[in-house]
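Q: Mind looking over this structure? Questions follow.
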Amino acid sequence: MDVPESGAAGTAAPNLAEGFPAATRERWRELVAGVLRKSGVAEDRLADTPESVLATHGYDGFDIEPLYTGEPPAADPGYPGLAPFTRGYRPGGGVAGGWDIRARHTDADPAEFRRRTHNDLMNGVSSLWVAVGETGIPVDRLGEALTDVYLDLAPVVLAAPGPDALAAATALLQAHADADVPDGRVISHLGLDPLSTAALAGERPDLSGPADFAAEHAARYPGLGLFIADGTLVHNAGGSEAQEIGSAIAAGTAYLRALTAAGLEPADAARRIEFRLAANADQFSVIAKLRAVRAMWNQVLQACGLPSDQRGMSLHATTSDAMLTRRDPHVNMLRTTVACFAAGVGGADAVTVAPFDSAVGLPDDFARRIARNTQSLLIEESHLAQVIDPAGGSFYVEALTRDLYTAGWAFFQELERAGGIAAAIEHGELRTAVDRLWERRRHDLARRTAPLTGISEFPDPHEKPLVREPDPARPAQVEGGFPVRRYAQDYESLRDRSDAHTADTGRRPTAFLATLGPVAAHTARASFATNLLAAGGVAVEGPGPLDDARAAAAAFTASGSRVAVICSSDKVYAEHAETVARALRGVGARRVLLAGAPRDAYREAGVDSFAHKGCDAVALLTDLVDVILTEPDSTEPDSTQGARA
């Protein structure tokens, strides 16, 4: 019996697209313009490229477009295993075994360190990132701490700042000798990074001493890693993706020069440098920057005359410290999962997932287990590594890779023009560039256009903060040194002040919500104000629907609050806002806010500031917390003067 190839009873399959207009970019633009026109967008912005209204303005000089179709075509990314290595250095990707799961350890007690490393290595971890010296295990006890580790199977990457670096490196090599690991099987990494150490300490970088030390040991230990080109220095100061990869390539170039000056061949020196980048919750940017940085290093090594089979890069991705929060820290599990996913898709050779409580202090066993199991789940259960370069071919990812390469290379060249990254650190050019970018980022964080879940958006006002032992590896801010920042720091400082007040007085800082009109009229803005105030640790007291200024003034007086927030619809505001504002000032409100767009008439009636989408939430909350927590000054103008202001 013959079976028809398509359709039923031998009839042709229907063309489901028949009768519809062709899907073209021009037609899509027409539809976009129509929707935006109804939203009140000015006609002159819709003339040629209406989609530009929907573009997201990034920190690196290019926009994220709402639609990518491959026009204009992105630069050819090549094939996995072939130059320019955008798609990775292995033709088979990570299909055989995934990536190296690297756990970070900052315990100062060797016994505790041994217990925790045993748990990690027995449960999926394949390498250790160990803090030594003043930030972790004492140098003279490193051998004791590593007693149980099979060092020829589980390599150790050191993190030893400042004067401890060379002593720690010597101790690590001695630990290998004590464990009878043959010199040819030493695969650990000394983790030397004098650039980051000097930047954080506000000192002049010295590369020659560490380079001479490294070159001394290179011939004896052919598999030993030497230097770390660490872009997280810039990332954790608030820098952009392009600044991060540009500075990492500049650091790698500086170390390459130092090692060759110390006597190593360029190919040997290059393979002993490991690059470290941060992975945050912006997954597409992470994927693209990991792909772009490989192409950038390929360009550097090509310029050095190395053949393509010697232009590889060892790339370690660690989840961002800057994105982690002390408040609502369990949300960090979600952030680090997204970041780990992006690092795996982007082709990282090794990945470190920070425990969710890392921003609070020394992580506990539960947090460490979740961190390592996040990686195991993505590799073993999600089969993330079973596809070679899974993002390859995506119009968006390829275009973003191209744009980050261009911006990152431009920043690298800027550092080279300054005399190299060591000179840029010494003379402040790198700090100036990153600080300038941080102010832009901080502006967006303050206005909640860069939202932080659990911090600036949807905070938990009843949260009980986690308590952890201090982490010795957390970098301390040194005067004149490179800054260490977290995106949540301004909001968390406000929450800390409010919590301290609550602990001292037994009463949480509270604002009065003057909810005018029926529930349907004021609920939306009252909810908005409640969420905004909670970001600063300020509670709200709402009496329910209020009919007029007299009722609002009486309820405010009964509340004992110092701050009032008027909440209702524009229609109700038109009728009552001005009289209510004057009444609240008249009964002693030290600050009167209105949830809605600013209007001069309301200011003249006594409204101090406006809570609305895009307002400077940090400035607004700082002012309110100052007012609520500060005792009234006897010289402060009385309420009638405030009403006339």
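Following the order of the structure tokens, chains are lettered A, B, ..., residues in each are numbered from 1, and ligands are numbered from 1.
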Quick one: everything within 8 Å of Pro470 in chain A, counting only C-alpha atoms, minus sequence neighbours fewer than 5 positions away in the same chain. Send it as a PyMOL selection string.
A: chain A and resi 360-362
Q: List as JSON, numbers by chain the protein and nucleic acid residues near range 449-460 of chain A, meaning an atom at most 7 Å away when only C-alpha atoms are counted, but skip any in the same chain fewer than 3 places from it.
A: {"A": [327, 328, 444, 445, 463, 488, 491, 531, 534, 535, 614]}
Q: Can I get the residues of range 174-263 of chain A within 12 Å of range 303-317 of chain A, each with the closest pair of atoms and their distance in Å to one decimal, using only C-alpha atoms, sorted chain first then ascending number, as a Markdown table?
A:
```
| residue | atom | partner | partner_atom | distance |
| --- | --- | --- | --- | --- |
| A:His189 | CA | A:Ser314 | CA | 11.5 |
| A:Gly191 | CA | A:His316 | CA | 11.9 |
| A:Gly225 | CA | A:Ser314 | CA | 9.9 |
| A:Leu226 | CA | A:Ser314 | CA | 11.8 |
| A:Phe227 | CA | A:Ser314 | CA | 11.1 |
| A:Ile228 | CA | A:His316 | CA | 9.6 |
| A:Ala229 | CA | A:Leu315 | CA | 9.6 |
| A:Asp230 | CA | A:His316 | CA | 9.4 |
| A:Gly231 | CA | A:Ala317 | CA | 10.0 |
| A:Thr232 | CA | A:Ala317 | CA | 9.4 |
| A:Ile245 | CA | A:Leu315 | CA | 11.6 |
| A:Ala248 | CA | A:Leu315 | CA | 10.8 |
| A:Ile249 | CA | A:Met313 | CA | 10.7 |
| A:Gly252 | CA | A:Met313 | CA | 10.1 |
| A:Thr253 | CA | A:Cys304 | CA | 10.2 |
| A:Leu256 | CA | A:Cys304 | CA | 10.1 |
| A:Arg257 | CA | A:Cys304 | CA | 10.4 |
| A:Thr260 | CA | A:Cys304 | CA | 11.3 |
```
Q: Within 9 Å of Thr86 in chain A, counting only C-alpha atoms, which residues qualify if same-chain residues fewer than 6 places away don't, as a VMD selection string?
A: chain A and resid 77 to 80 290 to 296 401
Q: List as a PyMOL selection string the protein and nucleic acid residues near range 323-326 of chain A, meaning an atom at most 8 Å away when only C-alpha atoms are counted, but skip any in the same chain fewer than 4 places from it.
A: chain A and resi 280-281+332+335+356-360+455+465-466+486-488+492
Q: Can those selected residues be exported to a file as a short mmCIF file (atom, residue, chain, number, x, y, z; two decimals), in the first residue's frame so that it contains all heavy atoms?
A:
```cif
data_model
loop_
_atom_site.label_atom_id
_atom_site.label_comp_id
_atom_site.auth_asym_id
_atom_site.auth_seq_id
_atom_site.Cartn_x
_atom_site.Cartn_y
_atom_site.Cartn_z
N ASN A 280 28.30 37.26 35.60
CA ASN A 280 27.17 37.76 36.38
C ASN A 280 25.85 37.27 35.78
O ASN A 280 25.83 36.39 34.92
CB ASN A 280 27.22 39.29 36.50
CG ASN A 280 27.15 39.99 35.16
OD1 ASN A 280 26.76 39.41 34.14
ND2 ASN A 280 27.52 41.26 35.13
N ALA A 281 24.75 37.84 36.24
CA ALA A 281 23.44 37.35 35.83
C ALA A 281 22.99 37.86 34.46
O ALA A 281 21.93 37.46 33.98
CB ALA A 281 22.39 37.72 36.88
N ASN A 332 20.83 34.96 45.68
CA ASN A 332 22.12 34.77 45.04
C ASN A 332 22.25 33.39 44.38
O ASN A 332 23.01 33.22 43.43
CB ASN A 332 23.26 34.95 46.05
CG ASN A 332 23.41 36.39 46.50
OD1 ASN A 332 23.11 37.32 45.76
ND2 ASN A 332 23.87 36.58 47.73
N ARG A 335 21.08 33.98 40.94
CA ARG A 335 22.06 34.76 40.18
C ARG A 335 23.24 33.89 39.75
O ARG A 335 23.68 33.94 38.60
CB ARG A 335 22.55 35.94 41.01
CG ARG A 335 21.49 36.97 41.35
CD ARG A 335 22.09 38.19 42.04
NE ARG A 335 21.05 39.18 42.31
CZ ARG A 335 20.44 39.34 43.47
NH1 ARG A 335 20.78 38.58 44.50
NH2 ARG A 335 19.49 40.24 43.62
N PHE A 356 26.15 31.16 48.11
CA PHE A 356 25.20 32.28 48.13
C PHE A 356 25.43 33.23 49.29
O PHE A 356 25.02 34.39 49.24
CB PHE A 356 23.75 31.76 48.16
CG PHE A 356 23.34 31.09 49.45
CD1 PHE A 356 22.85 31.83 50.51
CD2 PHE A 356 23.43 29.72 49.61
CE1 PHE A 356 22.47 31.22 51.71
CE2 PHE A 356 23.05 29.10 50.78
CZ PHE A 356 22.58 29.85 51.84
N ASP A 357 26.09 32.78 50.35
CA ASP A 357 26.32 33.64 51.52
C ASP A 357 27.71 34.28 51.52
O ASP A 357 28.16 34.80 52.54
CB ASP A 357 26.10 32.85 52.81
CG ASP A 357 26.94 31.58 52.89
OD1 ASP A 357 27.63 31.26 51.90
OD2 ASP A 357 26.89 30.89 53.92
N SER A 358 28.40 34.26 50.38
CA SER A 358 29.77 34.77 50.32
C SER A 358 29.87 36.24 50.66
O SER A 358 30.89 36.69 51.20
CB SER A 358 30.35 34.54 48.92
OG SER A 358 30.48 33.17 48.64
N ALA A 359 28.86 37.03 50.33
CA ALA A 359 28.90 38.46 50.63
C ALA A 359 28.69 38.73 52.11
O ALA A 359 28.98 39.83 52.59
CB ALA A 359 27.85 39.21 49.81
N VAL A 360 28.16 37.74 52.84
CA VAL A 360 27.89 37.91 54.27
C VAL A 360 29.14 37.60 55.09
O VAL A 360 29.47 38.30 56.05
CB VAL A 360 26.71 37.01 54.71
CG1 VAL A 360 26.42 37.19 56.20
CG2 VAL A 360 25.48 37.30 53.88
N ILE A 455 16.52 43.63 46.66
CA ILE A 455 17.24 44.79 47.19
C ILE A 455 16.51 46.07 46.82
O ILE A 455 15.89 46.71 47.67
CB ILE A 455 18.69 44.82 46.66
CG1 ILE A 455 19.41 43.53 47.00
CG2 ILE A 455 19.43 46.03 47.22
CD1 ILE A 455 19.60 43.29 48.47
N PRO A 465 18.52 38.85 58.92
CA PRO A 465 19.83 38.76 58.25
C PRO A 465 20.60 37.51 58.66
O PRO A 465 20.55 37.06 59.81
CB PRO A 465 20.55 40.03 58.71
CG PRO A 465 19.45 40.97 59.11
CD PRO A 465 18.37 40.10 59.67
N LEU A 466 21.34 36.94 57.69
CA LEU A 466 22.23 35.83 57.99
C LEU A 466 23.42 36.32 58.80
O LEU A 466 23.85 37.46 58.67
CB LEU A 466 22.75 35.20 56.70
CG LEU A 466 21.79 34.37 55.84
CD1 LEU A 466 22.55 33.79 54.66
CD2 LEU A 466 21.14 33.27 56.64
N ARG A 486 30.11 46.56 45.44
CA ARG A 486 28.99 45.67 45.13
C ARG A 486 27.81 46.51 44.70
O ARG A 486 27.59 47.61 45.22
CB ARG A 486 28.62 44.80 46.33
CG ARG A 486 29.64 43.72 46.66
CD ARG A 486 29.19 42.80 47.79
NE ARG A 486 28.86 43.56 48.99
CZ ARG A 486 27.63 43.76 49.44
NH1 ARG A 486 26.59 43.26 48.79
NH2 ARG A 486 27.43 44.47 50.54
N TYR A 487 27.03 45.99 43.78
CA TYR A 487 25.93 46.77 43.22
C TYR A 487 24.89 47.13 44.28
O TYR A 487 24.22 48.17 44.18
CB TYR A 487 25.24 45.99 42.09
CG TYR A 487 26.17 45.59 40.96
CD1 TYR A 487 25.93 44.47 40.19
CD2 TYR A 487 27.31 46.35 40.67
CE1 TYR A 487 26.78 44.10 39.15
CE2 TYR A 487 28.17 46.00 39.65
CZ TYR A 487 27.89 44.87 38.88
OH TYR A 487 28.74 44.50 37.86
N ALA A 488 24.76 46.32 45.31
CA ALA A 488 23.71 46.54 46.30
C ALA A 488 24.15 47.43 47.45
O ALA A 488 23.36 47.69 48.36
CB ALA A 488 23.22 45.20 46.85
N GLU A 492 21.98 48.55 50.81
CA GLU A 492 22.22 47.79 52.02
C GLU A 492 22.72 48.67 53.16
O GLU A 492 22.43 48.39 54.33
CB GLU A 492 23.22 46.67 51.72
CG GLU A 492 22.61 45.58 50.85
CD GLU A 492 23.55 44.45 50.53
OE1 GLU A 492 24.78 44.64 50.63
OE2 GLU A 492 23.05 43.37 50.17
#
```
Q: What lies within 7 Å of range 152-157 of chain A using only C-alpha atoms, ignoring chain neighbours under 6 positions off, as a PyMOL selection string?
A: chain A and resi 126-130+181+185-191
Q: Selected residues, all heavy atoms, written as an mmCIF file, in the first residue's frame, please.
A:
```
data_model
loop_
_atom_site.group_PDB
_atom_site.id
_atom_site.type_symbol
_atom_site.label_atom_id
_atom_site.label_comp_id
_atom_site.auth_asym_id
_atom_site.auth_seq_id
_atom_site.Cartn_x
_atom_site.Cartn_y
_atom_site.Cartn_z
ATOM 1 N N SER A 126 36.848 19.411 40.890
ATOM 2 C CA SER A 126 38.023 18.853 40.228
ATOM 3 C C SER A 126 39.289 19.694 40.405
ATOM 4 O O SER A 126 40.376 19.249 40.050
ATOM 5 C CB SER A 126 37.751 18.664 38.729
ATOM 6 O OG SER A 126 37.197 19.829 38.147
ATOM 7 N N SER A 127 39.186 20.905 40.935
ATOM 8 C CA SER A 127 40.376 21.704 41.250
ATOM 9 C C SER A 127 40.044 22.651 42.390
ATOM 10 O O SER A 127 38.867 22.923 42.671
ATOM 11 C CB SER A 127 40.870 22.481 40.021
ATOM 12 O OG SER A 127 39.945 23.473 39.630
ATOM 13 N N LEU A 128 41.091 23.156 43.050
ATOM 14 C CA LEU A 128 40.926 23.996 44.237
ATOM 15 C C LEU A 128 41.579 25.351 44.011
ATOM 16 O O LEU A 128 42.696 25.440 43.498
ATOM 17 C CB LEU A 128 41.575 23.323 45.451
ATOM 18 C CG LEU A 128 41.074 21.917 45.805
ATOM 19 C CD1 LEU A 128 41.917 21.341 46.931
ATOM 20 C CD2 LEU A 128 39.599 21.946 46.192
ATOM 21 N N TRP A 129 40.850 26.382 44.434
ATOM 22 C CA TRP A 129 41.361 27.757 44.387
ATOM 23 C C TRP A 129 41.550 28.173 45.841
ATOM 24 O O TRP A 129 40.580 28.353 46.579
ATOM 25 C CB TRP A 129 40.335 28.627 43.658
ATOM 26 C CG TRP A 129 40.680 30.055 43.485
ATOM 27 C CD1 TRP A 129 41.880 30.665 43.674
ATOM 28 C CD2 TRP A 129 39.771 31.085 43.067
ATOM 29 N NE1 TRP A 129 41.782 32.002 43.397
ATOM 30 C CE2 TRP A 129 40.505 32.288 43.016
ATOM 31 C CE3 TRP A 129 38.426 31.103 42.708
ATOM 32 C CZ2 TRP A 129 39.914 33.500 42.646
ATOM 33 C CZ3 TRP A 129 37.832 32.301 42.346
ATOM 34 C CH2 TRP A 129 38.583 33.486 42.302
ATOM 35 N N VAL A 130 42.795 28.287 46.277
ATOM 36 C CA VAL A 130 43.108 28.353 47.705
ATOM 37 C C VAL A 130 43.712 29.701 48.073
ATOM 38 O O VAL A 130 44.732 30.117 47.503
ATOM 39 C CB VAL A 130 44.080 27.217 48.087
ATOM 40 C CG1 VAL A 130 44.405 27.273 49.579
ATOM 41 C CG2 VAL A 130 43.494 25.860 47.720
ATOM 42 N N VAL A 181 54.986 13.917 44.113
ATOM 43 C CA VAL A 181 54.478 14.173 42.766
ATOM 44 C C VAL A 181 55.671 14.470 41.862
ATOM 45 O O VAL A 181 56.433 15.413 42.135
ATOM 46 C CB VAL A 181 53.493 15.358 42.749
ATOM 47 C CG1 VAL A 181 53.010 15.640 41.322
ATOM 48 C CG2 VAL A 181 52.315 15.083 43.661
ATOM 49 N N ARG A 185 54.584 15.989 36.487
ATOM 50 C CA ARG A 185 53.139 15.829 36.706
ATOM 51 C C ARG A 185 52.559 16.936 37.575
ATOM 52 O O ARG A 185 51.408 16.858 37.999
ATOM 53 C CB ARG A 185 52.856 14.461 37.323
ATOM 54 C CG ARG A 185 53.210 13.293 36.400
ATOM 55 C CD ARG A 185 52.729 11.984 36.959
ATOM 56 N NE ARG A 185 51.281 11.950 37.107
ATOM 57 C CZ ARG A 185 50.600 10.903 37.607
ATOM 58 N NH1 ARG A 185 51.270 9.826 37.996
ATOM 59 N NH2 ARG A 185 49.292 10.934 37.718
ATOM 60 N N VAL A 186 53.343 17.945 37.851
ATOM 61 C CA VAL A 186 52.825 19.099 38.608
ATOM 62 C C VAL A 186 51.964 19.937 37.669
ATOM 63 O O VAL A 186 52.453 20.470 36.668
ATOM 64 C CB VAL A 186 53.978 19.940 39.182
ATOM 65 C CG1 VAL A 186 53.436 21.223 39.820
ATOM 66 C CG2 VAL A 186 54.759 19.128 40.207
ATOM 67 N N ILE A 187 50.674 20.042 37.972
ATOM 68 C CA ILE A 187 49.727 20.765 37.106
ATOM 69 C C ILE A 187 49.031 21.894 37.859
ATOM 70 O O ILE A 187 48.024 22.423 37.394
ATOM 71 C CB ILE A 187 48.682 19.800 36.507
ATOM 72 C CG1 ILE A 187 47.979 19.005 37.625
ATOM 73 C CG2 ILE A 187 49.329 18.872 35.490
ATOM 74 C CD1 ILE A 187 46.851 18.123 37.127
ATOM 75 N N SER A 188 49.547 22.253 39.019
ATOM 76 C CA SER A 188 48.954 23.343 39.796
ATOM 77 C C SER A 188 49.360 24.689 39.211
ATOM 78 O O SER A 188 50.102 24.765 38.226
ATOM 79 C CB SER A 188 49.372 23.236 41.260
ATOM 80 O OG SER A 188 48.754 22.123 41.876
ATOM 81 N N HIS A 189 48.874 25.753 39.842
ATOM 82 C CA HIS A 189 49.103 27.109 39.316
ATOM 83 C C HIS A 189 49.535 28.012 40.460
ATOM 84 O O HIS A 189 48.887 28.046 41.514
ATOM 85 C CB HIS A 189 47.815 27.645 38.682
ATOM 86 C CG HIS A 189 48.042 28.735 37.683
ATOM 87 N ND1 HIS A 189 48.527 29.971 38.030
ATOM 88 C CD2 HIS A 189 47.851 28.779 36.333
ATOM 89 C CE1 HIS A 189 48.617 30.735 36.944
ATOM 90 N NE2 HIS A 189 48.219 30.021 35.904
ATOM 91 N N LEU A 190 50.637 28.726 40.255
ATOM 92 C CA LEU A 190 51.153 29.610 41.305
ATOM 93 C C LEU A 190 50.258 30.816 41.561
ATOM 94 O O LEU A 190 50.344 31.440 42.618
ATOM 95 C CB LEU A 190 52.564 30.090 40.937
ATOM 96 C CG LEU A 190 53.620 28.993 40.734
ATOM 97 C CD1 LEU A 190 54.983 29.620 40.483
ATOM 98 C CD2 LEU A 190 53.671 28.042 41.918
ATOM 99 N N GLY A 191 49.434 31.178 40.602
ATOM 100 C CA GLY A 191 48.475 32.268 40.812
ATOM 101 C C GLY A 191 49.099 33.635 40.992
ATOM 102 O O GLY A 191 48.495 34.524 41.610
#
```
Q: What is the CA of Arg442 in chain A-CA of Ala371 in chain A distance in Å, reported with one decimal?
A: 28.1 Å
Q: Write out as a list in words all residues of range 38-184 of chain A that DSSP puts in strand (DSSP E) for this structure's backbone.
A: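 Matching residues for strand (DSSP E) in range 38-184 of chain A are Thr56, His57, Asp63, Ile64, Asp100, Ile101, Arg102, Ala103, Arg104, His105, Ser127, Leu128, Trp129, Val130, Ala131, Val156, Val157, Leu158 and Ala159 of chain A.
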Q: Name the residues in contact with Lys289 in chain A at a cut-off of 12 Å, using only C-alpha atoms, excluding same-chain residues fewer than 3 positions from it; report them as JSON, numbers by chain.
A: {"A": [86, 87, 231, 240, 241, 242, 243, 244, 245, 246, 248, 249, 276, 277, 278, 279, 280, 282, 283, 284, 285, 286, 292, 293, 294, 295, 296, 315, 317, 342, 343, 345, 346, 347, 348, 397, 398, 399, 400, 401, 402, 403, 404, 405, 406, 407, 408, 409]}
Q: Output as a PyMOL selection string all residues of range 217-251 of chain A that backbone DSSP marks as helix (DSSP H, G or I).
A: chain A and resi 217-218+232-235+241-251
Q: Using only C-alpha atoms, determine which residues lie at most 10 Å from Glu414 in chain A, disregarding the query and same-chain residues fewer than 6 positions distant; provide the list as a ChimeraX atom specification.
A: /A:246-247,250,408,420-421,424,429-430
Q: Just checking: using only C-alpha atoms, which residue out of A:Arg368, A:Gln375, A:Val563, A:Gly238 ends up closest to Val338 in chain A?
A: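 Comparing A:Arg368, A:Gln375, A:Val563, A:Gly238 against Val338 in chain A, the winner is A:Gln375.
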